[in-house]
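**Student:** Okay, handing you the structure first.
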Amino acid sequence: MAVTAQVTTSSINGRILEAEDEPLLGATVVAVHGPTNSKYGSTTDIDGYYRVSNMRVGGPYTITITYVGKNEVVLNDIYLQLGESERIDLTLTDSTNALDAIVIDAVRDGIFDSGKTGTETNVSRCETLVSVPV
């Protein structure tokens, strides 16, 4: 008895690098299938590699690669072939709109303070339960 399988999907894979061909860990890769608005995504691993599997065949796809502090890359009109993996390798460049600072603004509301260091129980009414043997 022979067992056969039928492939009905496609995939994309590749490697995302930054300046000086260094792998970019944690870059986000999102592919959107135009006709159905189906979204597929992945992030890069420690070596900069990603893989997005089980995608619809055909297209067009819009593929967006992002990372904080890097210029976003958008690829349009990408078409995928049945059973094949489309390889997309890119190098992301530094953004000129990098963050200068992150500002955290906090307000003290009295619910949490240094005087409250453990669990707390409020008892508003106490009742005595009496156990009667039967």
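So you can find residues: chains in the structure tokens are A, B, ... in the order shown, residues in each start at 1, and ligands are numbered from 1 in order.
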Which residues are near range 17-23 of chain A? Cut-off 6 Å, only C-alpha atoms, ignore same chain within fewer than 2 positions. Put them as a PDB file with all heavy atoms, in the first residue's frame.

**Tutor:**
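Contents of selection_3.pdb, freshly written:
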ATOM      1  N   ASP A  47      19.768  33.923  14.544  1.00  0.00           N
ATOM      2  CA  ASP A  47      20.612  34.017  13.358  1.00  0.00           C
ATOM      3  C   ASP A  47      19.988  34.857  12.248  1.00  0.00           C
ATOM      4  O   ASP A  47      20.510  34.917  11.132  1.00  0.00           O
ATOM      5  CB  ASP A  47      20.947  32.619  12.843  1.00  0.00           C
ATOM      6  CG  ASP A  47      21.792  31.834  13.834  1.00  0.00           C
ATOM      7  OD1 ASP A  47      22.731  32.426  14.408  1.00  0.00           O
ATOM      8  OD2 ASP A  47      21.506  30.646  14.056  1.00  0.00           O
ATOM      9  N   GLY A  48      18.820  35.464  12.529  1.00  0.00           N
ATOM     10  CA  GLY A  48      18.156  36.322  11.550  1.00  0.00           C
ATOM     11  C   GLY A  48      17.225  35.585  10.594  1.00  0.00           C
ATOM     12  O   GLY A  48      16.667  36.200   9.695  1.00  0.00           O
ATOM     13  N   THR A  91      18.262  43.375   4.071  1.00  0.00           N
ATOM     14  CA  THR A  91      19.047  44.079   5.083  1.00  0.00           C
ATOM     15  C   THR A  91      18.294  45.347   5.442  1.00  0.00           C
ATOM     16  O   THR A  91      17.988  46.154   4.566  1.00  0.00           O
ATOM     17  CB  THR A  91      20.455  44.428   4.550  1.00  0.00           C
ATOM     18  OG1 THR A  91      21.129  43.218   4.200  1.00  0.00           O
ATOM     19  CG2 THR A  91      21.256  45.176   5.588  1.00  0.00           C
ATOM     20  N   LEU A  92      17.958  45.495   6.726  1.00  0.00           N
ATOM     21  CA  LEU A  92      17.254  46.687   7.183  1.00  0.00           C
ATOM     22  C   LEU A  92      18.255  47.766   7.569  1.00  0.00           C
ATOM     23  O   LEU A  92      19.285  47.475   8.180  1.00  0.00           O
ATOM     24  CB  LEU A  92      16.364  46.364   8.381  1.00  0.00           C
ATOM     25  CG  LEU A  92      15.214  45.381   8.143  1.00  0.00           C
ATOM     26  CD1 LEU A  92      14.366  45.251   9.398  1.00  0.00           C
ATOM     27  CD2 LEU A  92      14.357  45.793   6.973  1.00  0.00           C
TER      28      LEU A  92
END

**Student:** Residues near Asn13 in chain A, anyone? I mean within 10 Å using only C-alpha atoms, not counting same-chain ones fewer than 6 positions away, as a PyMOL selection string.

**Tutor:** chain A and resi 29+42+44+49-53+85-89

**Student:** Which value, in Å to one decimal, gives the distance between CA of Gly58 in chain A and CA of Thr28 in chain A?

**Tutor:**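 Calculated distance between CA of Gly58 in chain A and CA of Thr28 in chain A is 22.0 Å.
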
**Student:** Name all residues at most 8 Å from Val57 in chain A (count only C-alpha atoms; drop same-chain ones fewer than 5 positions away) and give them as a list of chain:residue names.

**Tutor:** A:Thr8, A:Thr9, A:Ser10, A:Tyr79, A:Leu80, A:Gln81, A:Leu82

**Student:** Quick one: write out the picked residues with N, CA, C and O atoms as a compact mmCIF listing (two decimals), in the first residue's frame?

**Tutor:**
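Dumped to part_20.txt:
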# COMPACT_ATOMS: atom_id res chain seq x y z
N THR A 8 -1.00 21.60 -0.56
CA THR A 8 -1.97 22.59 -1.01
C THR A 8 -1.59 24.01 -0.60
O THR A 8 -2.39 24.93 -0.77
N THR A 9 -0.39 24.19 -0.03
CA THR A 9 0.02 25.50 0.46
C THR A 9 1.40 25.88 -0.07
O THR A 9 2.04 25.12 -0.78
N SER A 10 1.83 27.05 0.33
CA SER A 10 3.15 27.55 -0.01
C SER A 10 3.74 28.19 1.24
O SER A 10 3.14 28.16 2.31
N TYR A 79 3.78 36.80 -5.49
CA TYR A 79 2.94 35.64 -5.80
C TYR A 79 3.67 34.37 -5.40
O TYR A 79 4.88 34.24 -5.65
N LEU A 80 2.94 33.43 -4.76
CA LEU A 80 3.52 32.19 -4.28
C LEU A 80 3.05 31.01 -5.12
O LEU A 80 1.89 30.93 -5.50
N GLN A 81 3.99 30.10 -5.37
CA GLN A 81 3.71 28.91 -6.17
C GLN A 81 3.38 27.73 -5.27
O GLN A 81 3.91 27.58 -4.17
N LEU A 82 2.53 26.85 -5.73
CA LEU A 82 2.10 25.67 -5.00
C LEU A 82 3.29 24.80 -4.60
O LEU A 82 4.12 24.45 -5.43

**Student:** Going by DSSP on the backbone, which bits of range 55-90 of chain A are strand (DSSP E)? Write them as a PDB file with all heavy atoms, in the first residue's frame, please.

**Tutor:**
ATOM      1  N   MET A  55       0.809  28.966   3.832  1.00  0.00           N
ATOM      2  CA  MET A  55       0.206  30.152   3.234  1.00  0.00           C
ATOM      3  C   MET A  55      -0.608  29.772   1.999  1.00  0.00           C
ATOM      4  O   MET A  55      -0.304  28.781   1.331  1.00  0.00           O
ATOM      5  CB  MET A  55       1.305  31.141   2.854  1.00  0.00           C
ATOM      6  CG  MET A  55       2.103  31.640   4.041  1.00  0.00           C
ATOM      7  SD  MET A  55       3.512  32.657   3.574  1.00  0.00           S
ATOM      8  CE  MET A  55       2.690  34.113   2.956  1.00  0.00           C
ATOM      9  N   GLY A  58      -0.723  31.601  -4.582  1.00  0.00           N
ATOM     10  CA  GLY A  58      -1.129  32.733  -5.421  1.00  0.00           C
ATOM     11  C   GLY A  58      -0.765  34.051  -4.795  1.00  0.00           C
ATOM     12  O   GLY A  58       0.274  34.217  -4.186  1.00  0.00           O
ATOM     13  N   GLY A  59      -1.651  34.996  -4.917  1.00  0.00           N
ATOM     14  CA  GLY A  59      -1.377  36.330  -4.424  1.00  0.00           C
ATOM     15  C   GLY A  59      -2.389  37.289  -4.986  1.00  0.00           C
ATOM     16  O   GLY A  59      -3.442  36.868  -5.433  1.00  0.00           O
ATOM     17  N   PRO A  60      -2.106  38.524  -4.990  1.00  0.00           N
ATOM     18  CA  PRO A  60      -0.841  39.114  -4.568  1.00  0.00           C
ATOM     19  C   PRO A  60      -0.744  39.234  -3.044  1.00  0.00           C
ATOM     20  O   PRO A  60      -1.742  39.409  -2.361  1.00  0.00           O
ATOM     21  CB  PRO A  60      -0.855  40.499  -5.204  1.00  0.00           C
ATOM     22  CG  PRO A  60      -2.309  40.849  -5.268  1.00  0.00           C
ATOM     23  CD  PRO A  60      -3.026  39.542  -5.523  1.00  0.00           C
ATOM     24  N   TYR A  61       0.470  39.144  -2.554  1.00  0.00           N
ATOM     25  CA  TYR A  61       0.785  39.353  -1.149  1.00  0.00           C
ATOM     26  C   TYR A  61       1.498  40.686  -0.987  1.00  0.00           C
ATOM     27  O   TYR A  61       2.261  41.097  -1.858  1.00  0.00           O
ATOM     28  CB  TYR A  61       1.718  38.265  -0.617  1.00  0.00           C
ATOM     29  CG  TYR A  61       1.028  36.986  -0.233  1.00  0.00           C
ATOM     30  CD1 TYR A  61       0.879  35.946  -1.136  1.00  0.00           C
ATOM     31  CD2 TYR A  61       0.537  36.805   1.060  1.00  0.00           C
ATOM     32  CE1 TYR A  61       0.260  34.766  -0.777  1.00  0.00           C
ATOM     33  CE2 TYR A  61      -0.087  35.627   1.428  1.00  0.00           C
ATOM     34  CZ  TYR A  61      -0.225  34.613   0.514  1.00  0.00           C
ATOM     35  OH  TYR A  61      -0.837  33.438   0.870  1.00  0.00           O
ATOM     36  N   THR A  62       1.270  41.317   0.154  1.00  0.00           N
ATOM     37  CA  THR A  62       2.068  42.458   0.587  1.00  0.00           C
ATOM     38  C   THR A  62       2.832  41.973   1.809  1.00  0.00           C
ATOM     39  O   THR A  62       2.225  41.521   2.783  1.00  0.00           O
ATOM     40  CB  THR A  62       1.188  43.668   0.947  1.00  0.00           C
ATOM     41  OG1 THR A  62       0.477  44.069  -0.215  1.00  0.00           O
ATOM     42  CG2 THR A  62       2.031  44.822   1.458  1.00  0.00           C
ATOM     43  N   ILE A  63       4.158  42.052   1.745  1.00  0.00           N
ATOM     44  CA  ILE A  63       4.999  41.577   2.835  1.00  0.00           C
ATOM     45  C   ILE A  63       5.684  42.780   3.470  1.00  0.00           C
ATOM     46  O   ILE A  63       6.305  43.583   2.781  1.00  0.00           O
ATOM     47  CB  ILE A  63       6.020  40.547   2.327  1.00  0.00           C
ATOM     48  CG1 ILE A  63       5.265  39.356   1.736  1.00  0.00           C
ATOM     49  CG2 ILE A  63       6.958  40.110   3.457  1.00  0.00           C
ATOM     50  CD1 ILE A  63       6.130  38.327   1.062  1.00  0.00           C
ATOM     51  N   THR A  64       5.550  42.884   4.793  1.00  0.00           N
ATOM     52  CA  THR A  64       6.115  43.999   5.541  1.00  0.00           C
ATOM     53  C   THR A  64       7.097  43.465   6.577  1.00  0.00           C
ATOM     54  O   THR A  64       6.754  42.572   7.345  1.00  0.00           O
ATOM     55  CB  THR A  64       4.999  44.805   6.239  1.00  0.00           C
ATOM     56  OG1 THR A  64       4.013  45.178   5.271  1.00  0.00           O
ATOM     57  CG2 THR A  64       5.552  46.049   6.910  1.00  0.00           C
ATOM     58  N   ILE A  65       8.308  44.024   6.585  1.00  0.00           N
ATOM     59  CA  ILE A  65       9.338  43.637   7.550  1.00  0.00           C
ATOM     60  C   ILE A  65       9.651  44.864   8.398  1.00  0.00           C
ATOM     61  O   ILE A  65       9.985  45.930   7.861  1.00  0.00           O
ATOM     62  CB  ILE A  65      10.610  43.110   6.859  1.00  0.00           C
ATOM     63  CG1 ILE A  65      10.277  41.837   6.080  1.00  0.00           C
ATOM     64  CG2 ILE A  65      11.684  42.773   7.879  1.00  0.00           C
ATOM     65  CD1 ILE A  65      10.242  41.998   4.643  1.00  0.00           C
ATOM     66  N   THR A  66       9.528  44.723   9.732  1.00  0.00           N
ATOM     67  CA  THR A  66       9.739  45.847  10.637  1.00  0.00           C
ATOM     68  C   THR A  66      10.617  45.464  11.816  1.00  0.00           C
ATOM     69  O   THR A  66      10.701  44.296  12.198  1.00  0.00           O
ATOM     70  CB  THR A  66       8.400  46.375  11.194  1.00  0.00           C
ATOM     71  OG1 THR A  66       7.723  45.305  11.866  1.00  0.00           O
ATOM     72  CG2 THR A  66       7.523  46.941  10.107  1.00  0.00           C
ATOM     73  N   VAL A  73      10.374  47.870   5.552  1.00  0.00           N
ATOM     74  CA  VAL A  73      10.440  47.468   4.148  1.00  0.00           C
ATOM     75  C   VAL A  73       9.104  46.837   3.775  1.00  0.00           C
ATOM     76  O   VAL A  73       8.606  45.958   4.477  1.00  0.00           O
ATOM     77  CB  VAL A  73      11.589  46.450   3.905  1.00  0.00           C
ATOM     78  CG1 VAL A  73      11.552  45.935   2.478  1.00  0.00           C
ATOM     79  CG2 VAL A  73      12.933  47.085   4.214  1.00  0.00           C
ATOM     80  N   VAL A  74       8.506  47.309   2.671  1.00  0.00           N
ATOM     81  CA  VAL A  74       7.239  46.771   2.177  1.00  0.00           C
ATOM     82  C   VAL A  74       7.453  46.253   0.764  1.00  0.00           C
ATOM     83  O   VAL A  74       7.927  46.985  -0.112  1.00  0.00           O
ATOM     84  CB  VAL A  74       6.131  47.852   2.193  1.00  0.00           C
ATOM     85  CG1 VAL A  74       4.832  47.283   1.633  1.00  0.00           C
ATOM     86  CG2 VAL A  74       5.922  48.392   3.597  1.00  0.00           C
ATOM     87  N   LEU A  75       7.103  44.987   0.559  1.00  0.00           N
ATOM     88  CA  LEU A  75       7.193  44.359  -0.762  1.00  0.00           C
ATOM     89  C   LEU A  75       5.781  44.094  -1.256  1.00  0.00           C
ATOM     90  O   LEU A  75       4.981  43.457  -0.569  1.00  0.00           O
ATOM     91  CB  LEU A  75       7.979  43.042  -0.673  1.00  0.00           C
ATOM     92  CG  LEU A  75       9.376  43.144  -0.043  1.00  0.00           C
ATOM     93  CD1 LEU A  75       9.947  41.751   0.189  1.00  0.00           C
ATOM     94  CD2 LEU A  75      10.290  43.961  -0.922  1.00  0.00           C
ATOM     95  N   ASN A  76       5.459  44.569  -2.446  1.00  0.00           N
ATOM     96  CA  ASN A  76       4.117  44.409  -3.015  1.00  0.00           C
ATOM     97  C   ASN A  76       4.137  43.418  -4.165  1.00  0.00           C
ATOM     98  O   ASN A  76       5.172  43.150  -4.760  1.00  0.00           O
ATOM     99  CB  ASN A  76       3.597  45.760  -3.506  1.00  0.00           C
ATOM    100  CG  ASN A  76       3.368  46.724  -2.365  1.00  0.00           C
ATOM    101  OD1 ASN A  76       2.628  46.424  -1.447  1.00  0.00           O
ATOM    102  ND2 ASN A  76       4.017  47.873  -2.423  1.00  0.00           N
ATOM    103  N   ASP A  77       2.938  42.902  -4.475  1.00  0.00           N
ATOM    104  CA  ASP A  77       2.729  42.014  -5.637  1.00  0.00           C
ATOM    105  C   ASP A  77       3.618  40.780  -5.615  1.00  0.00           C
ATOM    106  O   ASP A  77       4.227  40.416  -6.626  1.00  0.00           O
ATOM    107  CB  ASP A  77       2.921  42.795  -6.936  1.00  0.00           C
ATOM    108  CG  ASP A  77       1.887  43.898  -7.086  1.00  0.00           C
ATOM    109  OD1 ASP A  77       0.726  43.674  -6.680  1.00  0.00           O
ATOM    110  OD2 ASP A  77       2.231  44.974  -7.601  1.00  0.00           O
ATOM    111  N   ILE A  78       3.694  40.119  -4.476  1.00  0.00           N
ATOM    112  CA  ILE A  78       4.430  38.859  -4.355  1.00  0.00           C
ATOM    113  C   ILE A  78       3.439  37.716  -4.592  1.00  0.00           C
ATOM    114  O   ILE A  78       2.369  37.678  -3.975  1.00  0.00           O
ATOM    115  CB  ILE A  78       5.070  38.720  -2.951  1.00  0.00           C
ATOM    116  CG1 ILE A  78       5.956  39.920  -2.641  1.00  0.00           C
ATOM    117  CG2 ILE A  78       5.825  37.407  -2.826  1.00  0.00           C
ATOM    118  CD1 ILE A  78       7.159  40.075  -3.534  1.00  0.00           C
ATOM    119  N   TYR A  79       3.783  36.799  -5.490  1.00  0.00           N
ATOM    120  CA  TYR A  79       2.942  35.645  -5.798  1.00  0.00           C
ATOM    121  C   TYR A  79       3.668  34.370  -5.398  1.00  0.00           C
ATOM    122  O   TYR A  79       4.877  34.236  -5.646  1.00  0.00           O
ATOM    123  CB  TYR A  79       2.598  35.610  -7.296  1.00  0.00           C
ATOM    124  CG  TYR A  79       1.621  36.691  -7.689  1.00  0.00           C
ATOM    125  CD1 TYR A  79       2.061  37.987  -7.962  1.00  0.00           C
ATOM    126  CD2 TYR A  79       0.262  36.420  -7.757  1.00  0.00           C
ATOM    127  CE1 TYR A  79       1.162  38.987  -8.300  1.00  0.00           C
ATOM    128  CE2 TYR A  79      -0.641  37.428  -8.099  1.00  0.00           C
ATOM    129  CZ  TYR A  79      -0.189  38.697  -8.371  1.00  0.00           C
ATOM    130  OH  TYR A  79      -1.079  39.686  -8.699  1.00  0.00           O
ATOM    131  N   LEU A  80       2.940  33.432  -4.761  1.00  0.00           N
ATOM    132  CA  LEU A  80       3.520  32.186  -4.279  1.00  0.00           C
ATOM    133  C   LEU A  80       3.052  31.006  -5.117  1.00  0.00           C
ATOM    134  O   LEU A  80       1.888  30.927  -5.502  1.00  0.00           O
ATOM    135  CB  LEU A  80       3.141  31.968  -2.806  1.00  0.00           C
ATOM    136  CG  LEU A  80       3.543  33.096  -1.844  1.00  0.00           C
ATOM    137  CD1 LEU A  80       3.083  32.770  -0.436  1.00  0.00           C
ATOM    138  CD2 LEU A  80       5.037  33.356  -1.900  1.00  0.00           C
ATOM    139  N   SER A  85       8.706  27.311  -1.641  1.00  0.00           N
ATOM    140  CA  SER A  85       8.979  28.336  -0.648  1.00  0.00           C
ATOM    141  C   SER A  85       9.730  29.489  -1.310  1.00  0.00           C
ATOM    142  O   SER A  85      10.794  29.286  -1.899  1.00  0.00           O
ATOM    143  CB  SER A  85       9.805  27.755   0.497  1.00  0.00           C
ATOM    144  OG  SER A  85       9.945  28.691   1.529  1.00  0.00           O
ATOM    145  N   GLU A  86       9.154  30.664  -1.221  1.00  0.00           N
ATOM    146  CA  GLU A  86       9.772  31.862  -1.800  1.00  0.00           C
ATOM    147  C   GLU A  86      10.787  32.412  -0.803  1.00  0.00           C
ATOM    148  O   GLU A  86      10.454  32.695   0.343  1.00  0.00           O
ATOM    149  CB  GLU A  86       8.692  32.910  -2.075  1.00  0.00           C
ATOM    150  CG  GLU A  86       9.188  34.188  -2.675  1.00  0.00           C
ATOM    151  CD  GLU A  86       9.519  34.063  -4.151  1.00  0.00           C
ATOM    152  OE1 GLU A  86       9.030  33.135  -4.805  1.00  0.00           O
ATOM    153  OE2 GLU A  86      10.274  34.926  -4.631  1.00  0.00           O
ATOM    154  N   ARG A  87      12.037  32.553  -1.222  1.00  0.00           N
ATOM    155  CA  ARG A  87      13.082  33.065  -0.328  1.00  0.00           C
ATOM    156  C   ARG A  87      13.190  34.580  -0.481  1.00  0.00           C
ATOM    157  O   ARG A  87      13.374  35.090  -1.585  1.00  0.00           O
ATOM    158  CB  ARG A  87      14.416  32.410  -0.620  1.00  0.00           C
ATOM    159  CG  ARG A  87      15.481  32.854   0.365  1.00  0.00           C
ATOM    160  CD  ARG A  87      16.683  31.937   0.369  1.00  0.00           C
ATOM    161  NE  ARG A  87      17.671  32.451   1.283  1.00  0.00           N
ATOM    162  CZ  ARG A  87      17.898  31.962   2.492  1.00  0.00           C
ATOM    163  NH1 ARG A  87      17.200  30.941   2.913  1.00  0.00           N
ATOM    164  NH2 ARG A  87      18.825  32.479   3.260  1.00  0.00           N
ATOM    165  N   LEU A  90      16.708  40.224   3.225  1.00  0.00           N
ATOM    166  CA  LEU A  90      16.790  41.678   3.223  1.00  0.00           C
ATOM    167  C   LEU A  90      17.762  42.173   4.279  1.00  0.00           C
ATOM    168  O   LEU A  90      18.026  41.488   5.264  1.00  0.00           O
ATOM    169  CB  LEU A  90      15.422  42.300   3.527  1.00  0.00           C
ATOM    170  CG  LEU A  90      14.361  42.171   2.451  1.00  0.00           C
ATOM    171  CD1 LEU A  90      13.015  42.572   2.994  1.00  0.00           C
ATOM    172  CD2 LEU A  90      14.718  43.048   1.271  1.00  0.00           C
TER     173      LEU A  90
END

**Student:** So, counting only C-alpha atoms, which residue among A:Asn54, A:Thr43, A:Glu72, A:Thr93 is closest to Val7 in chain A?

**Tutor:**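 Smallest separation from Val7 in chain A among the options: A:Asn54.
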
**Student:** Need to verify the contact set: Tyr40 in chain A, 7 Å, only C-alpha atoms, exclusion of same-chain residues closer than 3 positions in sequence. Can you return it as a PyMOL selection string?

**Tutor:** chain A and resi 30-32+52

**Student:** How far is it from CA of Ser38 in chain A to CA of Ile16 in chain A, in Å with one decimal?

**Tutor:**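 CA of Ile16 in chain A lies 22.7 Å from CA of Ser38 in chain A.
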
**Student:** CA of Pro35 in chain A and CA of Lys70 in chain A are how many Å apart?

**Tutor:**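 Result for CA of Pro35 in chain A versus CA of Lys70 in chain A: 29.0 Å, one decimal.
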